[in-house]
>>> print(open('query.cif').read())   # mmCIF, C-alpha atoms
data_protein
loop_
_atom_site.group_PDB
_atom_site.id
_atom_site.type_symbol
_atom_site.label_atom_id
_atom_site.label_comp_id
_atom_site.auth_asym_id
_atom_site.auth_seq_id
_atom_site.Cartn_x
_atom_site.Cartn_y
_atom_site.Cartn_z
ATOM 1 C CA MET A 11 5.240 17.339 -15.638
ATOM 2 C CA ALA A 12 2.274 14.999 -15.971
ATOM 3 C CA GLN A 13 2.621 11.749 -17.897
ATOM 4 C CA MET A 14 0.894 11.741 -21.289
ATOM 5 C CA ASN A 15 -1.701 9.061 -21.954
ATOM 6 C CA PRO A 16 -0.350 6.184 -24.094
ATOM 7 C CA VAL A 17 -3.804 5.993 -25.739
ATOM 8 C CA GLN A 18 -3.031 9.396 -27.206
ATOM 9 C CA TYR A 19 0.328 8.161 -28.480
ATOM 10 C CA GLY A 20 -1.348 5.205 -30.176
ATOM 11 C CA LYS A 21 -3.976 7.316 -31.911
ATOM 12 C CA ALA A 22 -1.405 9.851 -33.073
ATOM 13 C CA ILE A 23 1.015 7.214 -34.402
ATOM 14 C CA GLN A 24 -1.765 5.393 -36.277
ATOM 15 C CA TYR A 25 -2.967 8.635 -37.868
ATOM 16 C CA HIS A 26 0.460 10.021 -38.732
ATOM 17 C CA LEU A 27 1.855 6.807 -40.239
ATOM 18 C CA SER A 28 -1.318 6.313 -42.291
ATOM 19 C CA GLN A 29 -0.948 9.799 -43.723
ATOM 20 C CA ILE A 30 2.659 9.175 -44.745
ATOM 21 C CA VAL A 31 2.307 5.800 -46.465
ATOM 22 C CA ALA A 32 -1.277 6.065 -47.834
ATOM 23 C CA PRO A 33 -2.768 4.099 -49.559
ATOM 24 C CA VAL A 34 -0.702 1.328 -47.896
ATOM 25 C CA PRO A 35 -2.644 0.084 -44.842
ATOM 26 C CA VAL A 36 -1.241 0.648 -41.328
ATOM 27 C CA TYR A 37 -2.015 -1.619 -38.378
ATOM 28 C CA ALA A 38 -1.100 -1.582 -34.694
ATOM 29 C CA ALA A 39 0.822 -4.711 -33.610
ATOM 30 C CA PHE A 40 -0.644 -6.749 -36.475
ATOM 31 C CA ASN A 41 -0.012 -10.479 -36.654
ATOM 32 C CA ARG A 42 1.634 -10.740 -40.033
ATOM 33 C CA ASN A 43 0.682 -14.420 -40.400
ATOM 34 C CA PHE A 44 -2.800 -13.248 -41.325
ATOM 35 C CA ALA A 45 -1.608 -10.776 -43.913
ATOM 36 C CA THR A 46 -2.950 -11.182 -47.401
ATOM 37 C CA GLN A 47 -2.061 -7.715 -48.687
ATOM 38 C CA PRO A 48 1.034 -7.251 -50.871
ATOM 39 C CA LYS A 49 2.127 -4.216 -48.822
ATOM 40 C CA PHE A 50 1.336 -3.145 -45.273
ATOM 41 C CA VAL A 51 2.899 -1.418 -42.286
ATOM 42 C CA THR A 52 2.577 -2.215 -38.590
ATOM 43 C CA TRP A 53 3.775 -0.393 -35.511
ATOM 44 C CA ASN A 54 4.516 -1.288 -31.885
ATOM 45 C CA LEU A 55 4.864 1.307 -29.157
ATOM 46 C CA ARG A 56 7.462 0.814 -26.422
ATOM 47 C CA ASN A 57 9.735 2.687 -23.977
ATOM 48 C CA VAL A 58 7.191 5.299 -22.913
ATOM 49 C CA HIS A 59 9.317 6.892 -20.240
ATOM 50 C CA GLN A 60 9.959 10.193 -18.539
ATOM 51 C CA PRO A 61 13.047 10.334 -16.309
ATOM 52 C CA VAL A 62 12.021 10.819 -12.671
ATOM 53 C CA TYR A 63 13.678 13.291 -10.365
ATOM 54 C CA THR A 64 14.079 13.679 -6.622
ATOM 55 C CA GLY A 65 11.464 14.366 -3.962
ATOM 56 C CA GLN A 66 7.814 13.669 -3.198
ATOM 57 C CA ASN A 67 6.405 15.692 -6.114
ATOM 58 C CA GLN A 68 5.199 13.107 -8.662
ATOM 59 C CA ASN A 69 5.299 15.646 -11.477
ATOM 60 C CA ASN A 70 9.012 16.355 -11.027
ATOM 61 C CA LYS A 71 9.948 14.589 -14.258
ATOM 62 C CA GLY A 72 11.727 15.177 -17.548
ATOM 63 C CA ILE A 73 10.313 14.914 -21.057
ATOM 64 C CA ASP A 74 8.820 11.731 -22.442
ATOM 65 C CA THR A 75 10.746 9.920 -25.187
ATOM 66 C CA PRO A 76 8.512 7.075 -26.397
ATOM 67 C CA ILE A 77 9.768 4.821 -29.189
ATOM 68 C CA PHE A 78 7.609 3.045 -31.735
ATOM 69 C CA GLN A 79 8.922 0.371 -34.045
ATOM 70 C CA ILE A 80 7.676 0.481 -37.612
ATOM 71 C CA SER A 81 7.602 -2.848 -39.481
ATOM 72 C CA ILE A 82 7.131 -2.730 -43.247
ATOM 73 C CA PHE A 83 5.987 -5.886 -45.040
ATOM 74 C CA THR A 84 5.992 -6.159 -48.836
ATOM 75 C CA THR A 85 6.011 -8.946 -51.388
ATOM 76 C CA GLU A 86 8.428 -6.927 -53.539
ATOM 77 C CA ILE A 87 11.660 -6.052 -51.744
ATOM 78 C CA GLU A 88 12.008 -2.717 -53.520
ATOM 79 C CA ASP A 89 8.508 -1.649 -52.463
ATOM 80 C CA GLY A 90 9.587 -1.993 -48.843
ATOM 81 C CA PHE A 91 12.647 0.152 -49.383
ATOM 82 C CA THR A 92 10.513 2.763 -51.135
ATOM 83 C CA ILE A 93 8.025 2.894 -48.247
ATOM 84 C CA SER A 94 10.875 3.130 -45.742
ATOM 85 C CA ASN A 95 12.222 6.090 -47.693
ATOM 86 C CA GLN A 96 8.802 7.787 -47.581
ATOM 87 C CA ILE A 97 8.822 7.423 -43.803
ATOM 88 C CA LEU A 98 12.424 8.620 -43.470
ATOM 89 C CA GLN A 99 11.883 11.672 -45.659
ATOM 90 C CA SER A 100 8.725 12.632 -43.829
ATOM 91 C CA LEU A 101 9.543 11.837 -40.199
ATOM 92 C CA HIS A 102 13.302 11.976 -39.589
ATOM 93 C CA GLY A 103 14.099 15.305 -37.950
ATOM 94 C CA TYR A 104 10.449 16.358 -37.978
ATOM 95 C CA SER A 105 9.361 18.954 -35.420
ATOM 96 C CA GLY A 106 5.810 20.151 -34.896
ATOM 97 C CA LEU A 107 2.299 18.703 -34.631
ATOM 98 C CA PHE A 108 2.370 14.904 -34.622
ATOM 99 C CA GLY A 109 -0.795 12.888 -35.220
ATOM 100 C CA GLY A 110 -3.190 15.365 -36.802
ATOM 101 C CA ALA A 111 -5.474 18.041 -35.418
ATOM 102 C CA THR A 112 -7.853 15.777 -33.462
ATOM 103 C CA ASN A 113 -5.526 13.490 -31.514
ATOM 104 C CA GLY A 114 -2.157 15.055 -32.217
ATOM 105 C CA PHE A 115 0.337 16.712 -29.907
ATOM 106 C CA GLN A 116 3.503 18.747 -30.330
ATOM 107 C CA VAL A 117 6.806 16.929 -30.652
ATOM 108 C CA SER A 118 10.065 18.810 -30.380
ATOM 109 C CA LYS A 119 11.907 16.271 -32.536
ATOM 110 C CA VAL A 120 11.375 12.925 -34.257
ATOM 111 C CA ASP A 121 14.373 10.649 -34.686
ATOM 112 C CA VAL A 122 14.052 7.701 -37.087
ATOM 113 C CA ASP A 123 16.597 4.897 -36.889
ATOM 114 C CA TRP A 124 16.473 2.581 -39.951
ATOM 115 C CA LEU A 125 17.370 -0.711 -38.276
ATOM 116 C CA TYR A 126 17.571 -3.517 -40.863
ATOM 117 C CA ASN A 127 15.806 -5.344 -43.671
ATOM 118 C CA SER A 128 14.982 -9.018 -43.792
ATOM 119 C CA TYR A 129 13.020 -11.632 -45.729
ATOM 120 C CA ASP A 130 10.595 -14.266 -44.500
ATOM 121 C CA ASN A 131 10.681 -17.225 -46.865
ATOM 122 C CA THR A 132 7.590 -18.863 -45.366
ATOM 123 C CA GLU A 133 5.376 -15.877 -45.943
ATOM 124 C CA LYS A 134 7.252 -14.719 -49.023
ATOM 125 C CA MET A 135 7.426 -11.188 -47.648
ATOM 126 C CA ALA A 136 10.285 -8.752 -47.390
ATOM 127 C CA GLN A 137 10.509 -6.856 -44.102
ATOM 128 C CA ILE A 138 12.069 -3.589 -43.018
ATOM 129 C CA PHE A 139 12.245 -2.395 -39.420
ATOM 130 C CA LEU A 140 12.657 1.171 -38.221
ATOM 131 C CA ASP A 141 12.731 2.667 -34.710
ATOM 132 C CA CYS A 142 11.163 6.068 -34.296
ATOM 133 C CA THR A 143 11.801 8.129 -31.145
ATOM 134 C CA LEU A 144 9.534 11.053 -30.251
ATOM 135 C CA ASP A 145 10.670 13.872 -27.962
ATOM 136 C CA VAL A 146 7.469 15.021 -26.289
ATOM 137 C CA PRO A 147 7.570 18.157 -24.123
ATOM 138 C CA THR A 148 4.787 17.599 -21.607
ATOM 139 C CA MET H 72 9.900 13.741 17.029
ATOM 140 C CA THR H 73 13.206 11.933 16.751
ATOM 141 C CA ALA H 74 15.111 11.716 13.499
ATOM 142 C CA PRO H 75 14.452 8.589 11.387
ATOM 143 C CA ASN H 76 16.781 5.756 12.317
ATOM 144 C CA LYS H 77 17.326 4.194 8.889
ATOM 145 C CA VAL H 78 19.338 4.621 5.699
ATOM 146 C CA LEU H 79 17.520 7.101 3.461
ATOM 147 C CA PRO H 80 17.284 6.835 -0.333
ATOM 148 C CA GLY H 81 18.405 9.814 -2.432
ATOM 149 C CA PHE H 82 14.953 10.098 -3.962
ATOM 150 C CA SER H 83 13.508 11.176 -0.617
ATOM 151 C CA ALA H 84 15.448 14.460 -0.590
ATOM 152 C CA SER H 85 13.718 17.601 -1.765
ATOM 153 C CA LEU H 86 14.818 21.226 -1.954
ATOM 154 C CA TRP H 87 12.670 24.067 -0.672
ATOM 155 C CA CYS H 88 13.080 27.818 -0.545
ATOM 156 C CA GLN H 89 11.343 30.848 0.856
ATOM 157 C CA THR H 90 8.890 32.536 -1.482
ATOM 158 C CA GLY H 91 8.763 36.232 -2.289
ATOM 159 C CA ALA H 92 11.114 38.384 -4.333
ATOM 160 C CA THR H 93 12.842 39.844 -1.261
ATOM 161 C CA PRO H 94 12.404 37.349 1.607
ATOM 162 C CA THR H 95 13.625 37.800 5.154
ATOM 163 C CA PRO H 96 15.976 34.864 5.771
ATOM 164 C CA LEU H 97 15.762 32.958 9.040
ATOM 165 C CA THR H 98 18.087 33.992 11.834
ATOM 166 C CA ASN H 99 20.845 31.610 12.838
ATOM 167 C CA ALA H 100 18.845 30.277 15.811
ATOM 168 C CA PHE H 101 15.715 29.690 13.741
ATOM 169 C CA LEU H 102 17.637 27.817 11.026
ATOM 170 C CA SER H 103 17.777 24.910 13.464
ATOM 171 C CA THR H 104 14.226 25.355 14.793
ATOM 172 C CA TRP H 105 11.708 23.172 12.982
ATOM 173 C CA THR H 106 8.470 24.372 14.597
ATOM 174 C CA ASP H 107 7.111 27.640 13.135
ATOM 175 C CA HIS H 108 10.331 28.353 11.246
ATOM 176 C CA VAL H 109 11.893 25.632 9.082
ATOM 177 C CA GLU H 110 8.539 23.840 8.772
ATOM 178 C CA ASP H 111 7.012 26.961 7.201
ATOM 179 C CA ILE H 112 9.397 26.624 4.263
ATOM 180 C CA VAL H 113 9.025 22.860 3.818
ATOM 181 C CA GLY H 114 5.778 21.805 2.120
ATOM 182 C CA THR H 115 3.194 19.322 3.360
ATOM 183 C CA SER H 116 4.488 16.521 1.106
ATOM 184 C CA ALA H 117 7.698 16.625 3.184
ATOM 185 C CA ASN H 118 5.813 16.986 6.508
ATOM 186 C CA GLY H 119 6.085 20.776 6.822
ATOM 187 C CA THR H 120 3.368 23.412 6.502
ATOM 188 C CA GLY H 121 4.700 25.228 3.442
ATOM 189 C CA THR H 122 3.082 28.533 4.392
ATOM 190 C CA GLY H 123 6.124 30.574 3.391
ATOM 191 C CA GLY H 124 8.006 28.301 1.019
ATOM 192 C CA GLU H 125 7.855 26.291 -2.151
ATOM 193 C CA GLN H 126 9.595 23.321 -3.669
ATOM 194 C CA LEU H 127 12.332 23.700 -6.226
ATOM 195 C CA ASN H 128 11.753 20.888 -8.705
ATOM 196 C CA VAL H 129 15.343 19.792 -9.207
ATOM 197 C CA GLU H 130 16.765 16.618 -10.744
ATOM 198 C CA ALA H 131 18.741 15.616 -7.692
ATOM 199 C CA VAL H 132 19.805 17.323 -4.494
ATOM 200 C CA PRO H 133 23.594 17.597 -4.650
ATOM 201 C CA ALA H 134 25.960 16.957 -1.777
ATOM 202 C CA PHE H 135 25.391 19.413 1.067
ATOM 203 C CA GLY H 136 27.131 20.130 4.348
ATOM 204 C CA GLN H 137 30.474 21.730 4.990
ATOM 205 C CA ASP H 138 33.604 22.115 2.911
ATOM 206 C CA ASP H 139 36.973 21.057 4.234
ATOM 207 C CA ALA H 140 39.836 23.439 4.851
ATOM 208 C CA VAL H 141 42.585 23.194 7.430
ATOM 209 C CA ALA H 142 45.619 25.067 8.576
ATOM 210 C CA SER H 143 48.501 22.855 9.686
ATOM 211 C CA PHE H 144 50.794 23.996 12.458
ATOM 212 C CA SER H 145 54.108 22.353 13.157
ATOM 213 C CA VAL H 146 56.046 22.765 16.326
ATOM 214 C CA ALA H 147 59.743 22.057 16.254
ATOM 215 C CA GLY H 148 60.478 18.890 18.163
ATOM 216 C CA SER H 149 56.885 17.665 18.078
ATOM 217 C CA ARG H 150 56.279 14.453 16.164
ATOM 218 C CA GLN H 151 52.725 15.349 15.140
ATOM 219 C CA SER H 152 51.450 18.648 13.744
ATOM 220 C CA ASP H 153 48.081 20.184 14.505
ATOM 221 C CA LYS H 154 45.336 20.608 11.886
ATOM 222 C CA ILE H 155 42.985 23.473 12.666
ATOM 223 C CA PRO H 156 39.755 23.702 10.638
ATOM 224 C CA VAL H 157 39.557 27.099 8.975
ATOM 225 C CA GLN H 158 37.136 28.596 6.502
ATOM 226 C CA SER H 159 35.146 25.368 6.356
ATOM 227 C CA ALA H 160 32.266 27.161 4.710
ATOM 228 C CA PRO H 161 28.921 25.507 4.004
ATOM 229 C CA THR H 162 29.184 23.726 0.657
ATOM 230 C CA SER H 163 28.077 25.567 -2.462
ATOM 231 C CA MET H 164 25.396 23.560 -4.236
ATOM 232 C CA THR H 165 25.297 23.395 -8.020
ATOM 233 C CA ILE H 166 21.820 22.257 -8.888
ATOM 234 C CA THR H 167 20.299 21.007 -12.143
ATOM 235 C CA ALA H 168 16.588 21.134 -12.898
ATOM 236 C CA ALA H 169 14.484 20.366 -15.938
ATOM 237 C CA TRP H 170 13.720 23.789 -17.381
ATOM 238 C CA ASN H 171 10.071 24.764 -17.220
ATOM 239 C CA PRO H 172 9.955 28.498 -18.050
ATOM 240 C CA SER H 173 6.772 28.938 -15.980
ATOM 241 C CA ASP H 174 7.981 27.164 -12.838
ATOM 242 C CA ALA H 175 7.599 29.657 -9.990
ATOM 243 C CA GLY H 176 10.602 28.330 -8.068
ATOM 244 C CA LEU H 177 12.945 28.496 -11.056
ATOM 245 C CA LEU H 178 11.755 32.036 -11.791
ATOM 246 C CA LEU H 179 12.717 32.990 -8.223
ATOM 247 C CA MET H 180 16.182 31.498 -8.756
ATOM 248 C CA ARG H 181 16.541 33.367 -12.054
ATOM 249 C CA ALA H 182 15.627 36.652 -10.372
ATOM 250 C CA ASP H 183 17.951 35.944 -7.424
ATOM 251 C CA ALA H 184 20.841 35.254 -9.798
ATOM 252 C CA GLU H 185 20.088 38.468 -11.661
ATOM 253 C CA SER H 186 20.208 40.420 -8.401
ATOM 254 C CA GLY H 187 23.088 38.561 -6.773
ATOM 255 C CA VAL H 188 22.433 40.048 -3.329
ATOM 256 C CA ILE H 189 19.144 38.409 -2.316
ATOM 257 C CA ASP H 190 19.589 36.354 0.860
ATOM 258 C CA ARG H 191 17.087 33.509 0.959
ATOM 259 C CA THR H 192 16.624 30.534 3.263
ATOM 260 C CA PHE H 193 16.846 27.158 1.525
ATOM 261 C CA VAL H 194 15.962 23.840 3.118
ATOM 262 C CA VAL H 195 16.986 20.343 2.095
ATOM 263 C CA ALA H 196 14.355 17.972 3.489
ATOM 264 C CA ALA H 197 15.092 14.257 3.716
ATOM 265 C CA VAL H 198 11.871 12.377 4.300
ATOM 266 C CA ALA H 199 11.110 8.906 5.647
ATOM 267 C CA GLY H 200 7.349 8.474 6.024
ATOM 268 C CA THR H 201 6.225 10.953 8.668
ATOM 269 C CA SER H 202 9.780 11.836 9.731
ATOM 270 C CA THR H 203 11.820 14.607 8.155
ATOM 271 C CA VAL H 204 15.390 15.742 8.653
ATOM 272 C CA ALA H 205 15.985 19.308 7.511
ATOM 273 C CA TYR H 206 19.194 21.136 6.661
ATOM 274 C CA ALA H 207 18.404 24.842 6.450
ATOM 275 C CA PHE H 208 20.809 27.506 5.260
ATOM 276 C CA ASN H 209 20.834 31.038 3.952
ATOM 277 C CA GLY H 210 22.306 31.525 0.534
ATOM 278 C CA ARG H 211 22.596 33.576 -2.604
ATOM 279 C CA VAL H 212 22.128 32.321 -6.141
ATOM 280 C CA SER H 213 24.585 32.748 -8.967
ATOM 281 C CA GLN H 214 25.486 31.266 -12.342
ATOM 282 C CA PHE H 215 21.986 30.602 -13.631
ATOM 283 C CA THR H 216 22.359 28.934 -17.024
ATOM 284 C CA ILE H 217 20.074 27.055 -19.403
ATOM 285 C CA ASP H 218 21.428 24.227 -21.528
ATOM 286 C CA PRO H 219 19.128 23.442 -24.458
ATOM 287 C CA ALA H 220 21.118 20.479 -25.809
ATOM 288 C CA PRO H 221 18.854 18.310 -28.009
ATOM 289 C CA GLY H 222 17.988 14.727 -27.145
ATOM 290 C CA ALA H 223 16.675 15.398 -23.648
ATOM 291 C CA GLU H 224 14.852 18.133 -21.760
ATOM 292 C CA ALA H 225 16.505 21.542 -21.553
ATOM 293 C CA LYS H 226 18.463 21.793 -18.318
ATOM 294 C CA CYS H 227 18.542 24.775 -16.001
ATOM 295 C CA THR H 228 21.591 24.923 -13.749
ATOM 296 C CA PHE H 229 22.266 27.318 -10.900
ATOM 297 C CA THR H 230 24.579 27.504 -7.913
ATOM 298 C CA VAL H 231 23.530 28.410 -4.376
ATOM 299 C CA HIS H 232 26.364 29.860 -2.313
ATOM 300 C CA PRO H 233 25.572 29.625 1.428
ATOM 301 C CA ARG H 234 26.432 32.501 3.734
ATOM 302 C CA GLY H 235 29.076 31.674 6.313
ATOM 303 C CA ASN H 236 27.899 30.282 9.678
ATOM 304 C CA GLN H 237 24.239 30.516 8.640
ATOM 305 C CA TYR H 238 22.914 26.987 8.652
ATOM 306 C CA GLY H 239 21.279 24.554 11.017
ATOM 307 C CA TRP H 240 19.808 21.078 11.380
ATOM 308 C CA SER H 241 16.359 20.226 12.648
ATOM 309 C CA ASN H 242 13.914 17.349 12.369
ATOM 310 C CA THR H 243 10.339 16.275 12.957
#
>>> encode(input="query.cif", output="structure tokens")
Amino acid sequence: MAQMNPVQYGKAIQYHLSQIVAPVPVYAAFNRNFATQPKFVTWNLRNVHQPVYTGQNQNNKGIDTPIFQISIFTTEIEDGFTISNQILQSLHGYSGLFGGATNGFQVSKVDVDWLYNSYDNTEKMAQIFLDCTLDVPT
Amino acid sequence: MTAPNKVLPGFSASLWCQTGATPTPLTNAFLSTWTDHVEDIVGTSANGTGTGGEQLNVEAVPAFGQDDAVASFSVAGSRQSDKIPVQSAPTSMTITAAWNPSDAGLLLMRADAESGVIDRTFVVAAVAGTSTVAYAFNGRVSQFTIDPAPGAEAKCTFTVHPRGNQYGWSNT
């Protein structure tokens, strides 16, 4: 089937994450060195990919399984863990409309992988990283 | 046109079949005749005309050709026995496709499997630029299954069993 537009993925991720962690701000690929807020979340989209199959038909492809990394930055370590739990509870195993009515699309499954937590002594911010895989029937 | 003289990549192979619920399969002579016969089944993207066929959107075209089967005869006193090819039927092809419930080709395969007695001409087209090599055969479909395992697209798998002695090669 046709490839979905990554612009649509970006809009949907921004909207959906903002809804989950509100009022904590959400940014796309934010440079954390400029952060002044005590809590914020950033995301980076990667691995937008449909498997391709044989023949000259360009639309002979499988489903798209894009991954976006969620990075949580907080001055209090526990705040980061709490936000990560909000995301886990809301997204892991989710199936349905992703990204709201305007820019959203149907996902058959969302798979969240809580990767690791860390601490940046220079910026005095705790960090938590999660990978989120979307299964998008296109 | 002569057949392409190069090593072909697997991605250039595509699978085509006659359209219609009850098609008239090509005769044995026409299975190896590109002009007006095999080319009608193969679509324009693979250098045919596609007037009477459509592409089956499959993951990969499996191995095709002929099975092996021999009868060995030994003669007393002879050092070497004789191997006679027998029942070397055209190879059955088990094919996997991403399952799109509205795909016209997959719906044909589903209906063929349900019937079990529909003879249909299939063509494997291997394309290199403007050259195409075609392997055409008549076959029946069976074992149409759908695997909805999570984590990837649902897979639709079916097997095409070729009829004996009903295949041919052609090219353009």
>>> residues_around(input="query.cif", residues="Phe108 of chain A", least_positions_apart="4", cutoff="10 Å", atoms="all atoms listed in the file", output="list of chain:residue names")
A:Tyr19, A:Ala22, A:Ile23, A:Tyr25, A:His26, A:Leu27, A:Leu101, A:Tyr104, A:Asn113, A:Gly114, A:Phe115, A:Gln116, A:Val117, A:Ser118, A:Lys119, A:Val120, A:Leu144, A:Val146
>>> resolve_selection(input="query.cif", expression="the PyMOL selection byres ((chain H and resi 194) around 10)", output="PDB file with C-alpha atoms, keeping the file's coordinate frame")
ATOM      1  CA  SER H  85      13.718  17.601  -1.765  1.00  0.00           C
ATOM      2  CA  LEU H  86      14.818  21.226  -1.954  1.00  0.00           C
ATOM      3  CA  TRP H  87      12.670  24.067  -0.672  1.00  0.00           C
ATOM      4  CA  CYS H  88      13.080  27.818  -0.545  1.00  0.00           C
ATOM      5  CA  GLN H  89      11.343  30.848   0.856  1.00  0.00           C
ATOM      6  CA  LEU H 102      17.637  27.817  11.026  1.00  0.00           C
ATOM      7  CA  VAL H 109      11.893  25.632   9.082  1.00  0.00           C
ATOM      8  CA  GLU H 110       8.539  23.840   8.772  1.00  0.00           C
ATOM      9  CA  ILE H 112       9.397  26.624   4.263  1.00  0.00           C
ATOM     10  CA  VAL H 113       9.025  22.860   3.818  1.00  0.00           C
ATOM     11  CA  GLY H 124       8.006  28.301   1.019  1.00  0.00           C
ATOM     12  CA  GLU H 125       7.855  26.291  -2.151  1.00  0.00           C
ATOM     13  CA  GLN H 126       9.595  23.321  -3.669  1.00  0.00           C
ATOM     14  CA  ARG H 191      17.087  33.509   0.959  1.00  0.00           C
ATOM     15  CA  THR H 192      16.624  30.534   3.263  1.00  0.00           C
ATOM     16  CA  PHE H 193      16.846  27.158   1.525  1.00  0.00           C
ATOM     17  CA  VAL H 195      16.986  20.343   2.095  1.00  0.00           C
ATOM     18  CA  ALA H 196      14.355  17.972   3.489  1.00  0.00           C
ATOM     19  CA  ALA H 197      15.092  14.257   3.716  1.00  0.00           C
ATOM     20  CA  VAL H 204      15.390  15.742   8.653  1.00  0.00           C
ATOM     21  CA  ALA H 205      15.985  19.308   7.511  1.00  0.00           C
ATOM     22  CA  TYR H 206      19.194  21.136   6.661  1.00  0.00           C
ATOM     23  CA  ALA H 207      18.404  24.842   6.450  1.00  0.00           C
ATOM     24  CA  PHE H 208      20.809  27.506   5.260  1.00  0.00           C
ATOM     25  CA  ASN H 209      20.834  31.038   3.952  1.00  0.00           C
ATOM     26  CA  TYR H 238      22.914  26.987   8.652  1.00  0.00           C
ATOM     27  CA  GLY H 239      21.279  24.554  11.017  1.00  0.00           C
ATOM     28  CA  TRP H 240      19.808  21.078  11.380  1.00  0.00           C
TER      29      TRP H 240
END
>>> closest_atom_pairs(input="query.cif", of="chain A", to="chain H", cutoff="12 Å", atoms="all atoms listed in the file", output="Markdown table")
| residue | atom | partner | partner_atom | distance |
| --- | --- | --- | --- | --- |
| A:Met11 | CA | H:Asn171 | CA | 9.0 |
| A:His59 | CA | H:Ala223 | CA | 11.8 |
| A:Gln60 | CA | H:Glu224 | CA | 9.9 |
| A:Pro61 | CA | H:Glu130 | CA | 9.2 |
| A:Val62 | CA | H:Glu130 | CA | 7.7 |
| A:Tyr63 | CA | H:Glu130 | CA | 4.6 |
| A:Thr64 | CA | H:Phe82 | CA | 4.5 |
| A:Gly65 | CA | H:Ser85 | CA | 4.5 |
| A:Gln66 | CA | H:Ser116 | CA | 6.1 |
| A:Asn67 | CA | H:Ser116 | CA | 7.5 |
| A:Gln68 | CA | H:Asn128 | CA | 10.2 |
| A:Asn69 | CA | H:Asn128 | CA | 8.8 |
| A:Asn70 | CA | H:Asn128 | CA | 5.8 |
| A:Lys71 | CA | H:Ala169 | CA | 7.5 |
| A:Gly72 | CA | H:Glu224 | CA | 6.0 |
| A:Ile73 | CA | H:Glu224 | CA | 5.6 |
| A:Asp74 | CA | H:Ala223 | CA | 8.8 |
| A:Thr75 | CA | H:Ala223 | CA | 8.2 |
| A:Pro76 | CA | H:Ala223 | CA | 12.0 |
| A:Gly103 | CA | H:Pro221 | CA | 11.4 |
| A:Val117 | CA | H:Gly222 | CA | 11.9 |
| A:Ser118 | CA | H:Pro221 | CA | 9.1 |
| A:Lys119 | CA | H:Gly222 | CA | 8.3 |
| A:Val120 | CA | H:Gly222 | CA | 9.9 |
| A:Asp121 | CA | H:Gly222 | CA | 9.3 |
| A:Thr143 | CA | H:Gly222 | CA | 9.9 |
| A:Leu144 | CA | H:Gly222 | CA | 9.7 |
| A:Asp145 | CA | H:Gly222 | CA | 7.4 |
| A:Val146 | CA | H:Glu224 | CA | 9.2 |
| A:Pro147 | CA | H:Glu224 | CA | 7.7 |
| A:Thr148 | CA | H:Asn171 | CA | 9.9 |
>>> resolve_selection(input="query.cif", expression="the PyMOL selection byres ((chain H and resi 232) around 10)", output="PyMOL selection string")
chain H and resi 160-165+190+208-213+229-231+233-235
>>> atom_distance(input="query.cif", atom1="atom CA of Asp174 of chain H", atom2="atom CA of Leu107 of chain A")
24.1 Å
>>> resolve_selection(input="query.cif", expression="the PyMOL selection byres ((chain A and resi 137) around 12)", output="PyMOL selection string")
chain A and resi 42+48-52+80-94+124-131+133-136+138-140
>>> residues_around(input="query.cif", residues="Asp111 of chain H", least_positions_apart="6", cutoff="6 Å", atoms="only C-alpha atoms", output="ChimeraX atom specification")
/H:120-123
>>> atom_distance(input="query.cif", atom1="atom CA of Ala140 of chain H", atom2="atom CA of Lys154 of chain H")
9.4 Å
>>> closest_residue(input="query.cif", among="A:Gln47, A:Asn15, A:Gln96, A:Leu55", to="Ala32 of chain A", atoms="all atoms listed in the file")
A:Gln96
>>> axis_aligned_box(input="query.cif", around="segment 108-123 of chain H", padding_each_side="6 Å", output="lines of an AutoDock Vina configuration file")
center_x = 7.5
center_y = 23.5
center_z = 6.2
size_x = 20.8
size_y = 26.1
size_z = 22.1
>>> closest_residue(input="query.cif", among="A:Val58, A:Phe78, A:Thr112, A:Met14", to="Ala38 of chain A", atoms="all atoms listed in the file")
A:Phe78
>>> atom_distance(input="query.cif", atom1="atom CA of Cys227 of chain H", atom2="atom CA of Pro94 of chain H")
22.5 Å
>>> residues_around(input="query.cif", residues="Thr73 of chain H", least_positions_apart="3", cutoff="9 Å", atoms="only C-alpha atoms", output="count of residues only")
4
>>> closest_residue(input="query.cif", among="H:Arg150, H:Ala142, H:Ala92, H:Ile155", to="Arg181 of chain H", atoms="all atoms listed in the file")
H:Ala92
>>> decode(input="query.cif", residues="segment 226-232 of chain H", atoms="N, CA and C atoms", output="mmCIF file, in the first residue's frame")
data_model
loop_
_atom_site.group_PDB
_atom_site.id
_atom_site.type_symbol
_atom_site.label_atom_id
_atom_site.label_comp_id
_atom_site.auth_asym_id
_atom_site.auth_seq_id
_atom_site.Cartn_x
_atom_site.Cartn_y
_atom_site.Cartn_z
ATOM 1 N N LYS H 226 -0.708 -12.203 7.184
ATOM 2 C CA LYS H 226 -0.207 -12.879 5.996
ATOM 3 C C LYS H 226 -1.275 -13.797 5.418
ATOM 4 N N CYS H 227 -1.376 -13.802 4.109
ATOM 5 C CA CYS H 227 -2.290 -14.680 3.410
ATOM 6 C C CYS H 227 -1.426 -15.671 2.629
ATOM 7 N N THR H 228 -1.644 -16.953 2.872
ATOM 8 C CA THR H 228 -0.812 -17.967 2.227
ATOM 9 C C THR H 228 -1.689 -18.923 1.427
ATOM 10 N N PHE H 229 -1.283 -19.218 0.215
ATOM 11 C CA PHE H 229 -2.025 -20.186 -0.586
ATOM 12 C C PHE H 229 -1.042 -20.984 -1.443
ATOM 13 N N THR H 230 -1.496 -22.142 -1.875
ATOM 14 C CA THR H 230 -0.646 -23.007 -2.694
ATOM 15 C C THR H 230 -1.273 -23.177 -4.070
ATOM 16 N N VAL H 231 -0.462 -23.011 -5.110
ATOM 17 C CA VAL H 231 -0.925 -23.263 -6.474
ATOM 18 C C VAL H 231 -0.329 -24.598 -6.925
ATOM 19 N N HIS H 232 -1.202 -25.536 -7.244
ATOM 20 C CA HIS H 232 -0.747 -26.836 -7.737
ATOM 21 C C HIS H 232 -0.894 -26.857 -9.257
#
